[in-house]
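Structure below is structure-v8.csv: CSV, C-alpha atoms.
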```
chain,number,residue,atom,x,y,z
A,1,MET,CA,37.5,145.3,-80.5
A,2,LYS,CA,35.9,142.6,-82.6
A,3,ARG,CA,32.2,142.3,-82.0
A,4,LYS,CA,30.8,138.9,-81.3
A,5,ARG,CA,28.5,137.4,-83.8
A,6,PHE,CA,25.3,135.7,-82.7
A,7,TYR,CA,23.6,133.2,-85.0
A,8,LYS,CA,19.9,132.7,-85.2
A,9,HIS,CA,18.6,129.3,-85.5
A,10,VAL,CA,15.9,130.1,-88.0
A,11,LYS,CA,16.0,126.7,-89.7
A,12,ARG,CA,15.9,124.7,-86.5
A,13,ASN,CA,13.8,121.6,-86.5
A,14,GLN,CA,13.8,121.4,-90.4
A,15,THR,CA,14.7,118.0,-92.0
A,16,TRP,CA,18.0,118.2,-93.8
A,17,THR,CA,19.0,114.5,-94.2
A,18,GLU,CA,17.5,112.0,-96.5
A,19,GLU,CA,14.3,110.3,-95.7
A,20,ALA,CA,14.4,107.3,-93.3
A,21,GLN,CA,14.4,103.9,-95.0
A,22,GLY,CA,13.0,100.6,-93.8
A,23,ARG,CA,11.1,100.2,-90.6
A,24,LYS,CA,11.7,100.9,-86.9
A,25,ILE,CA,13.3,98.1,-84.8
A,26,ASP,CA,10.7,96.8,-82.4
A,27,PHE,CA,11.0,94.5,-79.4
A,28,ALA,CA,8.4,92.3,-81.2
A,29,ASP,CA,11.0,91.3,-83.8
A,30,LYS,CA,11.8,88.4,-81.7
A,31,TYR,CA,8.4,87.0,-82.7
A,32,ALA,CA,7.9,85.3,-86.0
A,33,GLU,CA,7.1,87.7,-88.8
A,34,ASN,CA,6.7,87.0,-92.5
A,35,GLY,CA,8.6,83.7,-92.3
A,36,THR,CA,11.3,85.0,-90.0
A,37,TYR,CA,12.2,84.6,-86.3
A,38,SER,CA,14.8,85.7,-83.9
A,39,ASN,CA,17.6,83.3,-83.1
A,40,GLU,CA,19.4,83.2,-79.8
A,41,SER,CA,21.7,86.0,-80.8
A,42,GLY,CA,18.7,88.3,-81.5
A,43,TYR,CA,19.1,88.4,-85.3
A,44,LEU,CA,16.2,87.8,-87.7
A,45,VAL,CA,16.7,84.7,-89.7
A,46,PRO,CA,14.4,83.1,-92.3
A,47,GLY,CA,12.3,80.1,-91.5
A,48,GLN,CA,9.7,79.2,-88.9
A,49,LYS,CA,10.3,79.7,-85.2
A,50,PRO,CA,10.9,76.4,-83.5
A,51,LYS,CA,7.9,75.2,-81.5
A,52,PHE,CA,8.1,75.4,-77.7
A,53,LYS,CA,8.8,72.0,-76.3
A,54,LYS,CA,6.7,71.4,-73.2
A,55,LYS,CA,8.4,69.9,-70.2
A,56,ASN,CA,7.4,66.5,-68.8
A,57,PRO,CA,5.0,67.0,-65.8
A,58,LYS,CA,7.3,64.8,-63.7
A,59,ASP,CA,10.3,67.0,-64.6
A,60,ARG,CA,8.4,70.1,-63.6
A,61,ALA,CA,7.4,68.6,-60.3
A,62,LYS,CA,11.1,67.7,-59.6
A,63,THR,CA,12.2,71.2,-60.4
A,64,LEU,CA,9.5,72.7,-58.1
A,65,LEU,CA,10.4,70.3,-55.3
A,66,LYS,CA,14.1,71.2,-55.6
A,67,ALA,CA,13.3,74.9,-55.4
A,68,ALA,CA,11.1,74.4,-52.4
A,69,ALA,CA,13.7,72.3,-50.7
A,70,ALA,CA,16.3,75.0,-51.3
A,71,VAL,CA,14.1,77.6,-49.8
A,72,ILE,CA,13.3,75.5,-46.7
A,73,ILE,CA,16.9,74.6,-46.1
A,74,SER,CA,17.9,78.3,-46.4
A,75,ILE,CA,15.3,79.3,-43.8
A,76,LEU,CA,16.4,76.5,-41.4
A,77,ILE,CA,20.1,77.5,-41.7
A,78,THR,CA,19.2,81.1,-41.1
A,79,GLY,CA,17.1,80.3,-38.1
A,80,VAL,CA,19.7,78.0,-36.6
A,81,GLY,CA,22.3,80.6,-37.1
A,82,TYR,CA,20.4,83.3,-35.4
A,83,THR,CA,19.5,81.0,-32.5
A,84,ALA,CA,23.1,80.0,-32.0
A,85,MET,CA,24.1,83.6,-32.1
A,86,ASP,CA,21.5,84.6,-29.5
A,87,VAL,CA,22.6,81.8,-27.1
A,88,TYR,CA,26.2,82.9,-27.5
A,89,MET,CA,25.4,86.5,-26.8
A,90,ILE,CA,23.3,85.6,-23.8
A,91,ARG,CA,26.2,83.6,-22.3
A,92,HIS,CA,28.9,86.0,-23.1
A,93,ARG,CA,27.3,89.4,-23.0
A,94,MET,CA,28.7,92.0,-20.7
A,95,PRO,CA,26.7,93.0,-17.7
A,96,ASP,CA,23.6,95.3,-17.7
A,97,PHE,CA,25.3,98.3,-16.1
A,98,GLU,CA,24.5,100.6,-19.0
A,99,ALA,CA,20.9,100.6,-18.0
A,100,ALA,CA,21.8,101.2,-14.4
A,101,GLU,CA,24.0,104.2,-15.3
A,102,SER,CA,21.3,105.7,-17.4
A,103,ASN,CA,18.9,105.4,-14.5
A,104,ARG,CA,21.4,107.1,-12.2
A,105,GLN,CA,21.1,110.2,-14.2
A,106,ASN,CA,17.6,110.7,-12.9
A,107,ASN,CA,17.7,108.7,-9.6
A,108,PRO,CA,20.1,108.3,-6.7
A,109,LEU,CA,22.2,105.1,-6.7
A,110,SER,CA,20.2,103.8,-3.7
A,111,GLN,CA,17.1,103.6,-5.9
A,112,VAL,CA,18.8,102.0,-8.9
A,113,SER,CA,18.3,98.3,-9.6
A,114,LEU,CA,21.6,96.6,-10.2
A,115,ASN,CA,22.1,93.2,-11.9
A,116,LEU,CA,25.3,92.0,-10.2
A,117,LYS,CA,26.8,89.2,-12.2
A,118,SER,CA,29.7,89.0,-9.7
A,119,GLU,CA,32.6,86.7,-8.9
A,120,TYR,CA,33.7,86.5,-5.3
A,121,ILE,CA,37.5,87.0,-4.8
A,122,ASP,CA,39.7,87.4,-1.7
A,123,ALA,CA,40.7,90.9,-0.8
A,124,VAL,CA,44.4,90.0,-1.1
A,125,SER,CA,43.9,89.8,-4.9
A,126,LEU,CA,43.6,93.5,-4.9
A,127,ASP,CA,47.3,94.0,-5.2
A,128,GLY,CA,47.3,96.2,-8.3
A,129,ALA,CA,49.6,93.7,-10.0
A,130,ASP,CA,49.6,90.1,-11.2
A,131,MET,CA,46.8,88.7,-9.0
A,132,LEU,CA,44.5,91.6,-10.0
A,133,ALA,CA,45.4,91.2,-13.7
A,134,SER,CA,44.4,87.6,-13.4
A,135,VAL,CA,41.1,88.6,-11.8
A,136,ILE,CA,40.3,91.1,-14.5
A,137,SER,CA,41.2,88.6,-17.2
A,138,ALA,CA,39.0,85.9,-15.8
A,139,ALA,CA,36.1,88.3,-15.3
A,140,GLY,CA,36.3,89.3,-19.0
A,141,GLU,CA,36.6,85.8,-20.2
A,142,TYR,CA,33.5,84.5,-18.3
A,143,SER,CA,31.5,87.8,-18.7
A,144,PHE,CA,31.3,88.8,-15.0
A,145,SER,CA,30.1,92.3,-14.7
A,146,SER,CA,31.7,92.8,-11.2
A,147,VAL,CA,33.9,91.3,-8.5
A,148,ALA,CA,33.0,91.2,-4.8
A,149,PHE,CA,35.4,91.0,-2.0
A,150,ASP,CA,35.3,91.1,1.8
A,151,ILE,CA,35.9,94.5,3.4
A,152,LYS,CA,35.0,93.1,6.9
A,153,ARG,CA,35.2,89.4,7.1
A,154,ALA,CA,33.0,87.0,9.0
A,155,GLU,CA,35.5,86.5,11.8
A,156,GLY,CA,35.9,90.3,12.2
A,157,THR,CA,39.2,91.0,10.3
A,158,ILE,CA,39.4,93.8,7.8
A,159,GLY,CA,40.7,93.2,4.3
A,160,TYR,CA,42.2,96.6,3.4
A,161,ARG,CA,44.7,98.9,5.1
A,162,SER,CA,42.4,100.9,7.4
A,163,ALA,CA,43.4,104.1,9.1
A,164,LEU,CA,40.5,104.0,11.6
A,165,ALA,CA,41.7,104.4,15.1
A,166,ASN,CA,39.5,101.7,16.6
A,167,ALA,CA,40.6,99.3,13.8
A,168,GLN,CA,44.2,99.8,14.9
A,169,THR,CA,43.2,99.4,18.5
A,170,TYR,CA,41.4,96.2,18.0
A,171,GLY,CA,44.0,94.8,15.7
A,172,THR,CA,41.5,93.8,13.0
A,173,VAL,CA,43.5,94.5,9.9
A,174,ALA,CA,44.8,91.2,8.5
A,175,PHE,CA,45.7,89.8,5.1
A,176,SER,CA,44.8,93.1,3.6
A,177,ALA,CA,44.9,94.3,0.0
A,178,ALA,CA,48.4,95.7,-0.9
A,179,LYS,CA,47.0,98.5,-3.1
A,180,PHE,CA,43.3,98.8,-2.4
A,181,ARG,CA,42.6,102.3,-4.0
A,182,GLU,CA,44.7,101.6,-7.1
A,183,SER,CA,43.0,98.2,-7.6
A,184,VAL,CA,39.6,99.8,-7.3
A,185,GLU,CA,40.6,102.3,-10.0
A,186,MET,CA,41.9,99.5,-12.3
A,187,LEU,CA,38.7,97.6,-11.9
A,188,ASN,CA,36.6,100.6,-12.8
A,189,GLN,CA,38.8,101.3,-15.8
A,190,ALA,CA,38.3,97.7,-17.0
A,191,ASN,CA,34.5,98.2,-16.7
A,192,ILE,CA,34.4,95.7,-13.8
A,193,PHE,CA,32.2,97.0,-10.9
A,194,PRO,CA,33.9,96.7,-7.4
A,195,VAL,CA,31.5,95.5,-4.7
A,196,GLY,CA,32.4,95.5,-1.0
A,197,ILE,CA,31.1,92.9,1.4
A,198,ILE,CA,30.7,93.6,5.1
A,199,TRP,CA,29.9,91.0,7.7
A,200,CYS,CA,28.2,93.5,10.0
A,201,TYR,CA,27.5,91.9,13.4
A,202,SER,CA,29.4,88.6,13.0
A,203,ASP,CA,32.8,89.2,14.7
A,204,ASN,CA,35.2,87.2,16.9
A,205,VAL,CA,38.0,89.9,17.0
A,206,VAL,CA,36.3,93.1,18.4
A,207,PRO,CA,34.3,91.3,21.2
A,208,ALA,CA,37.5,89.7,22.5
A,209,ALA,CA,39.2,93.1,22.6
A,210,ASP,CA,36.3,95.1,23.9
A,211,PRO,CA,33.4,93.0,25.4
A,212,SER,CA,31.3,96.2,25.9
A,213,LEU,CA,30.6,96.2,22.1
A,214,ALA,CA,29.5,92.5,22.1
A,215,VAL,CA,26.2,90.7,22.6
A,216,LEU,CA,26.4,89.4,26.2
A,217,ASN,CA,24.6,86.8,28.2
A,218,ASP,CA,22.6,87.8,31.3
A,219,ASP,CA,25.6,87.1,33.5
A,220,GLY,CA,27.8,89.5,31.5
A,221,SER,CA,29.8,86.8,29.6
A,222,LEU,CA,30.1,86.8,25.8
A,223,TYR,CA,27.3,85.2,24.0
A,224,LYS,CA,28.4,82.4,21.7
A,225,ASP,CA,26.4,80.5,19.2
A,226,SER,CA,26.6,76.7,18.7
A,227,ASP,CA,29.8,77.2,16.6
A,228,GLY,CA,31.5,79.4,19.2
A,229,ASN,CA,31.1,82.6,17.3
A,230,THR,CA,30.5,86.0,19.0
A,231,TYR,CA,28.5,89.0,17.7
A,232,LEU,CA,28.6,92.8,17.9
A,233,ASN,CA,25.7,94.5,19.6
A,234,PRO,CA,23.3,96.1,17.0
A,235,ASP,CA,22.0,98.5,19.7
A,236,SER,CA,25.5,99.9,20.5
A,237,GLU,CA,26.2,103.4,19.1
A,238,ASP,CA,29.9,102.5,19.1
A,239,VAL,CA,29.2,99.4,17.0
A,240,TYR,CA,27.2,101.5,14.5
A,241,ARG,CA,30.0,104.1,14.3
A,242,TYR,CA,32.5,101.3,13.7
A,243,ILE,CA,30.6,99.9,10.8
A,244,LYS,CA,29.8,103.3,9.3
A,245,GLY,CA,33.4,104.3,9.6
A,246,ILE,CA,34.5,101.3,7.6
A,247,ILE,CA,32.0,102.1,4.9
A,248,GLU,CA,32.9,105.8,4.7
A,249,GLU,CA,36.6,104.9,4.4
A,250,VAL,CA,36.1,102.4,1.6
A,251,TYR,CA,33.5,104.7,-0.1
A,252,ALA,CA,36.2,107.4,-0.3
A,253,GLN,CA,38.4,105.0,-2.2
A,254,GLY,CA,35.9,104.4,-5.0
A,255,VAL,CA,33.6,101.6,-3.8
A,256,THR,CA,29.9,102.6,-4.0
A,257,VAL,CA,28.0,99.3,-3.7
A,258,PHE,CA,28.1,97.3,-0.4
A,259,VAL,CA,26.6,93.9,0.3
A,260,LEU,CA,25.6,93.8,4.0
A,261,ARG,CA,25.8,90.3,5.4
A,262,ALA,CA,25.2,89.0,9.0
A,263,THR,CA,22.8,91.8,9.7
A,264,GLU,CA,20.6,89.5,11.7
A,265,LEU,CA,21.6,87.8,15.0
A,266,PRO,CA,21.0,84.1,15.6
A,267,GLU,CA,17.2,83.4,15.9
A,268,GLU,CA,17.4,82.6,19.7
A,269,ILE,CA,18.5,86.2,20.5
A,270,SER,CA,17.4,88.2,17.5
A,271,GLY,CA,14.2,89.5,19.1
A,272,ARG,CA,16.1,91.3,21.8
A,273,TYR,CA,17.9,93.7,19.5
A,274,GLU,CA,17.2,96.2,16.7
A,275,ASP,CA,18.9,94.1,14.1
A,276,GLY,CA,18.1,93.3,10.5
A,277,PHE,CA,19.1,94.7,7.1
A,278,ASN,CA,16.4,97.3,6.8
A,279,ALA,CA,17.1,98.9,10.2
A,280,LEU,CA,20.9,99.2,9.5
A,281,ALA,CA,20.5,100.3,5.8
A,282,ASP,CA,18.0,103.0,6.6
A,283,ARG,CA,20.2,104.5,9.2
A,284,LEU,CA,23.2,104.4,6.9
A,285,TYR,CA,21.3,106.0,4.1
A,286,SER,CA,20.2,108.8,6.5
A,287,ASP,CA,23.8,109.5,7.6
A,288,LEU,CA,25.7,108.9,4.3
A,289,GLY,CA,23.3,110.0,1.6
A,290,THR,CA,21.8,108.1,-1.3
A,291,ASP,CA,24.7,108.1,-3.7
A,292,ILE,CA,25.6,104.7,-2.4
A,293,LYS,CA,23.9,101.3,-2.6
A,294,PHE,CA,23.4,98.8,0.2
A,295,ILE,CA,22.3,95.3,-0.8
A,296,HIS,CA,21.0,92.4,1.3
A,297,ALA,CA,22.6,89.0,0.7
A,298,VAL,CA,20.4,85.9,0.3
A,299,ASP,CA,22.6,82.9,1.0
A,300,VAL,CA,22.3,79.8,-1.2
A,301,GLN,CA,24.4,76.6,-0.9
A,302,LEU,CA,24.7,74.4,-4.0
A,303,SER,CA,26.0,70.9,-4.2
A,304,GLU,CA,28.6,69.5,-6.7
A,305,ASP,CA,25.8,68.0,-8.7
A,306,ALA,CA,24.0,71.4,-9.2
A,307,ALA,CA,25.7,72.0,-12.6
A,308,LYS,CA,24.6,68.7,-14.1
A,309,GLU,CA,22.2,68.9,-17.0
A,310,LYS,CA,19.1,67.2,-15.5
A,311,ASN,CA,19.6,68.5,-11.9
A,312,ASN,CA,16.9,70.8,-10.7
A,313,GLU,CA,18.7,72.1,-7.6
A,314,ILE,CA,19.2,75.6,-9.0
A,315,SER,CA,15.5,76.1,-10.0
A,316,GLU,CA,14.3,74.7,-6.7
A,317,LYS,CA,16.5,77.0,-4.6
A,318,ILE,CA,16.8,80.1,-6.8
A,319,SER,CA,14.1,82.3,-8.5
A,320,ASP,CA,14.1,85.6,-10.3
A,321,ASP,CA,11.7,87.4,-7.8
A,322,LEU,CA,14.4,89.1,-5.7
A,323,ASN,CA,13.7,92.8,-4.9
A,324,ASP,CA,16.0,95.6,-6.0
A,325,ASP,CA,17.9,95.6,-2.6
A,326,SER,CA,18.8,91.9,-2.6
A,327,VAL,CA,21.4,89.6,-4.3
A,328,TYR,CA,22.0,85.9,-4.2
A,329,PHE,CA,25.2,85.0,-2.5
A,330,ILE,CA,25.8,81.5,-4.0
A,331,THR,CA,28.4,79.1,-2.6
A,332,ALA,CA,28.9,76.3,-5.0
A,333,ALA,CA,30.8,73.0,-4.7
A,334,ALA,CA,30.4,72.6,-8.5
A,335,ASP,CA,32.2,74.5,-11.2
A,336,LYS,CA,31.0,78.1,-10.7
A,337,TYR,CA,31.4,78.9,-14.4
A,338,LEU,CA,28.9,76.1,-15.3
A,339,ILE,CA,26.7,77.3,-12.5
A,340,LYS,CA,26.8,80.8,-14.0
A,341,GLU,CA,25.6,79.5,-17.4
A,342,LYS,CA,22.7,77.7,-15.8
A,343,LEU,CA,21.7,80.8,-13.8
A,344,GLU,CA,21.6,82.9,-16.9
A,345,GLU,CA,19.7,80.3,-18.9
A,346,GLY,CA,17.1,80.4,-16.0
A,347,GLY,CA,16.8,84.2,-16.1
A,348,ILE,CA,18.7,84.8,-12.8
A,349,LEU,CA,20.6,88.1,-13.3
A,350,SER,CA,21.7,89.1,-9.9
A,351,PHE,CA,24.2,86.9,-8.0
A,352,ILE,CA,27.6,86.6,-6.4
A,353,LEU,CA,29.3,83.3,-7.1
A,354,ALA,CA,31.9,81.9,-4.7
A,355,ASP,CA,33.7,78.6,-4.5
A,356,ARG,CA,33.0,76.4,-1.5
```
Write the structure described by the file as structure tokens, please.
Amino acid sequence: MKRKRFYKHVKRNQTWTEEAQGRKIDFADKYAENGTYSNESGYLVPGQKPKFKKKNPKDRAKTLLKAAAAVIISILITGVGYTAMDVYMIRHRMPDFEAAESNRQNNPLSQVSLNLKSEYIDAVSLDGADMLASVISAAGEYSFSSVAFDIKRAEGTIGYRSALANAQTYGTVAFSAAKFRESVEMLNQANIFPVGIIWCYSDNVVPAADPSLAVLNDDGSLYKDSDGNTYLNPDSEDVYRYIKGIIEEVYAQGVTVFVLRATELPEEISGRYEDGFNALADRLYSDLGTDIKFIHAVDVQLSEDAAKEKNNEISEKISDDLNDDSVYFITAAADKYLIKEKLEEGGILSFILADR
């Protein structure tokens, strides 16, 4: 086998080429030296370097003004662009349910503050088909975070197909959703929060079928308000079980947030009964647990002029000081989408909007 030969570099670092001639190239060559100067191409040429021609002070001032104007215009354009973008995002952003969901990891739903930017719809729209698709499309276009619908209406009818025995007995199911459970699932999949509305004690159907559940006059006849409406008795155990049964049935189908309306009787008789939102909500929480949310509705009526630019009706009737268990239920004669923009511009983040 041939042995490898290794060479020693004993003469390393010794000069073996001819000596360097001339001088080193220096960046200072561009300056005049011995009658030479650098031209525009960087080559040394004979002669004297041309003298620097000073600019006219007026020309310098114009140049500075142009530069300053360009900087100012750039800042203005950037500022206007960011402002326009902020306004657009405020008006079109999706609801603040991410914060609510993060809070739910550590707190029960009953203690979570929800900003309900909600559009009111009729329960018959929950058909799992064309009407529901239209609702979902409109909610996305106008940035509603949720939709609210009547489970138990003001006159006492029920808006879904209930299997409760007393609902069948009283004949309260009317104009119900064709596919309630499927529709709730579709809303959740579209990131639109379903909110059920219950008119608790306002009822014209059940008292007519069973007067023992109604508020009565001293002579045993049905009590009626000035509009001829009748009411369920808040002190009746059967009435409480009826309302709780509706909530339990709907909760099992995917609805976890309920707006309780008509929890107070007319003022002339209210003091005789244990009515009110707090009394009912506390008892429901005790029986159903805290992984559910009950909200009190604060009614507001707006005129057709409320959406006009210089109209102060919204700011006079609505403020942002609601507690975590309340929501504005706003019935508007004006365009509700314009009303929504004015509400958001005013910092109102929790509302349900309905057409008059």
For segment 250-257 of chain A: contacts at 8 Å, only C-alpha atoms, fewer than 2 positions along chain excluded, given as an NGL selection string = :A and (180-181 or 184-185 or 194-196 or 246-248 or 259 or 291-295)
Closest of A:Ala177, A:Ile151, A:Ile73, A:Ala354 to Gly245 of chain A, counting only C-alpha atoms, is A:Ile151
| query | Between A:Ile198, A:Ala214, A:Ala174, A:Ala129, which has the minimum distance to Met186 of chain A (counting all atoms listed in the file)? | reply |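 Once distances to Met186 of chain A are computed over all atoms listed in the file, the minimum belongs to A:Ala129.
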* Taking into account all atoms listed in the file, which residue in the set A:Leu302, A:Cys200, A:Leu322, A:Ile339 is nearest to Asp275 of chain A? ->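 Nearest candidate to Asp275 of chain A out of A:Leu302, A:Cys200, A:Leu322, A:Ile339: A:Cys200.
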12 Å contact set for Asp130 of chain A, all atoms listed in the file, chain neighbours under 6 positions out, as a PDB file with C-alpha atoms, keeping the file's coordinate frame:
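Result file follows (around35.pdb):
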```pdb
ATOM      1  CA  VAL A 124      44.400  90.000  -1.100  1.00  0.00           C
ATOM      2  CA  ILE A 136      40.300  91.100 -14.500  1.00  0.00           C
ATOM      3  CA  SER A 137      41.200  88.600 -17.200  1.00  0.00           C
ATOM      4  CA  ALA A 178      48.400  95.700  -0.900  1.00  0.00           C
ATOM      5  CA  LYS A 179      47.000  98.500  -3.100  1.00  0.00           C
ATOM      6  CA  SER A 183      43.000  98.200  -7.600  1.00  0.00           C
TER       7      SER A 183
END
```
Spatial neighbours of Ala148 of chain A, 12 Å, only C-alpha atoms, chain gap at least 3 places, as JSON, numbers by chain | {"A": [116, 117, 118, 119, 120, 121, 122, 123, 125, 126, 135, 139, 144, 145, 151, 184, 187, 192, 193, 194, 195, 196, 197, 198, 255, 256, 257, 258, 259, 260, 297, 327, 329, 351, 352, 353, 354]}
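The interatomic distance for the pair atom CA of Asp235 of chain A and atom CA of Ser113 of chain A works out to 29.5 Å.
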As a check of understanding: the span from atom CA of Asp282 of chain A to atom CA of Ile158 of chain A is 23.3 Å
* Quick one: residues within 9 Å of Thr263 of chain A, all atoms listed in the file counted, chain neighbours fewer than 5 positions away excluded, as a PyMOL selection string? -> chain A and resi 199-202+234+275-278+280+296
Limited to C-alpha atoms, could you put the picked residues into a file as a short mmCIF file (atom, residue, chain, number, x, y, z; two decimals), keeping the file's coordinate frame?
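Heads up, here's the output in selection01.cif:
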```
data_model
loop_
_atom_site.label_atom_id
_atom_site.label_comp_id
_atom_site.auth_asym_id
_atom_site.auth_seq_id
_atom_site.Cartn_x
_atom_site.Cartn_y
_atom_site.Cartn_z
CA TRP A 199 29.90 91.00 7.70
CA CYS A 200 28.20 93.50 10.00
CA TYR A 201 27.50 91.90 13.40
CA SER A 202 29.40 88.60 13.00
CA PRO A 234 23.30 96.10 17.00
CA ASP A 275 18.90 94.10 14.10
CA GLY A 276 18.10 93.30 10.50
CA PHE A 277 19.10 94.70 7.10
CA ASN A 278 16.40 97.30 6.80
CA LEU A 280 20.90 99.20 9.50
CA HIS A 296 21.00 92.40 1.30
#
```
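A straight line drawn from atom CA of Val215 of chain A to atom CA of Ser270 of chain A is 10.5 Å long.
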Can you work out which one of A:Lys244, A:Arg356, A:Lys308, A:Lys317 has the shortest atom-to-atom distance to Thr331 of chain A, counting only C-alpha atoms?
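Ranking A:Lys244, A:Arg356, A:Lys308, A:Lys317 by distance to Thr331 of chain A, first place goes to A:Arg356.
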Return as lines of an AutoDock Vina configuration file the centre and edge lengths, in Å with one decimal, of the box along x, y and z that encloses every atom of segment 334-348 of chain A in the file, padded by 4 Å per side.
```
center_x = 24.5
center_y = 78.7
center_z = -13.7
size_x = 23.4
size_y = 20.2
size_z = 18.4
```
Please list as a ChimeraX atom specification every residue within 8 Å of Ala334 of chain A, counting only C-alpha atoms and excluding residues in the same chain fewer than 5 positions away.
/A:302-307,339,355
task = Identify which of the residues A:Arg161, A:Lys336, A:Arg153, A:Lys342 lies closest to Ser315 of chain A, counting all atoms listed in the file when measuring atom-to-atom distances.
result =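 Closest candidate: A:Lys342.
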Worksheet item: Nearest to Asp321 of chain A: which of A:Ser134, A:Phe149, A:Val298, A:Gly171 is it, counting only C-alpha atoms?
Response: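 That would be A:Val298, the residue with the smallest distance to Asp321 of chain A.
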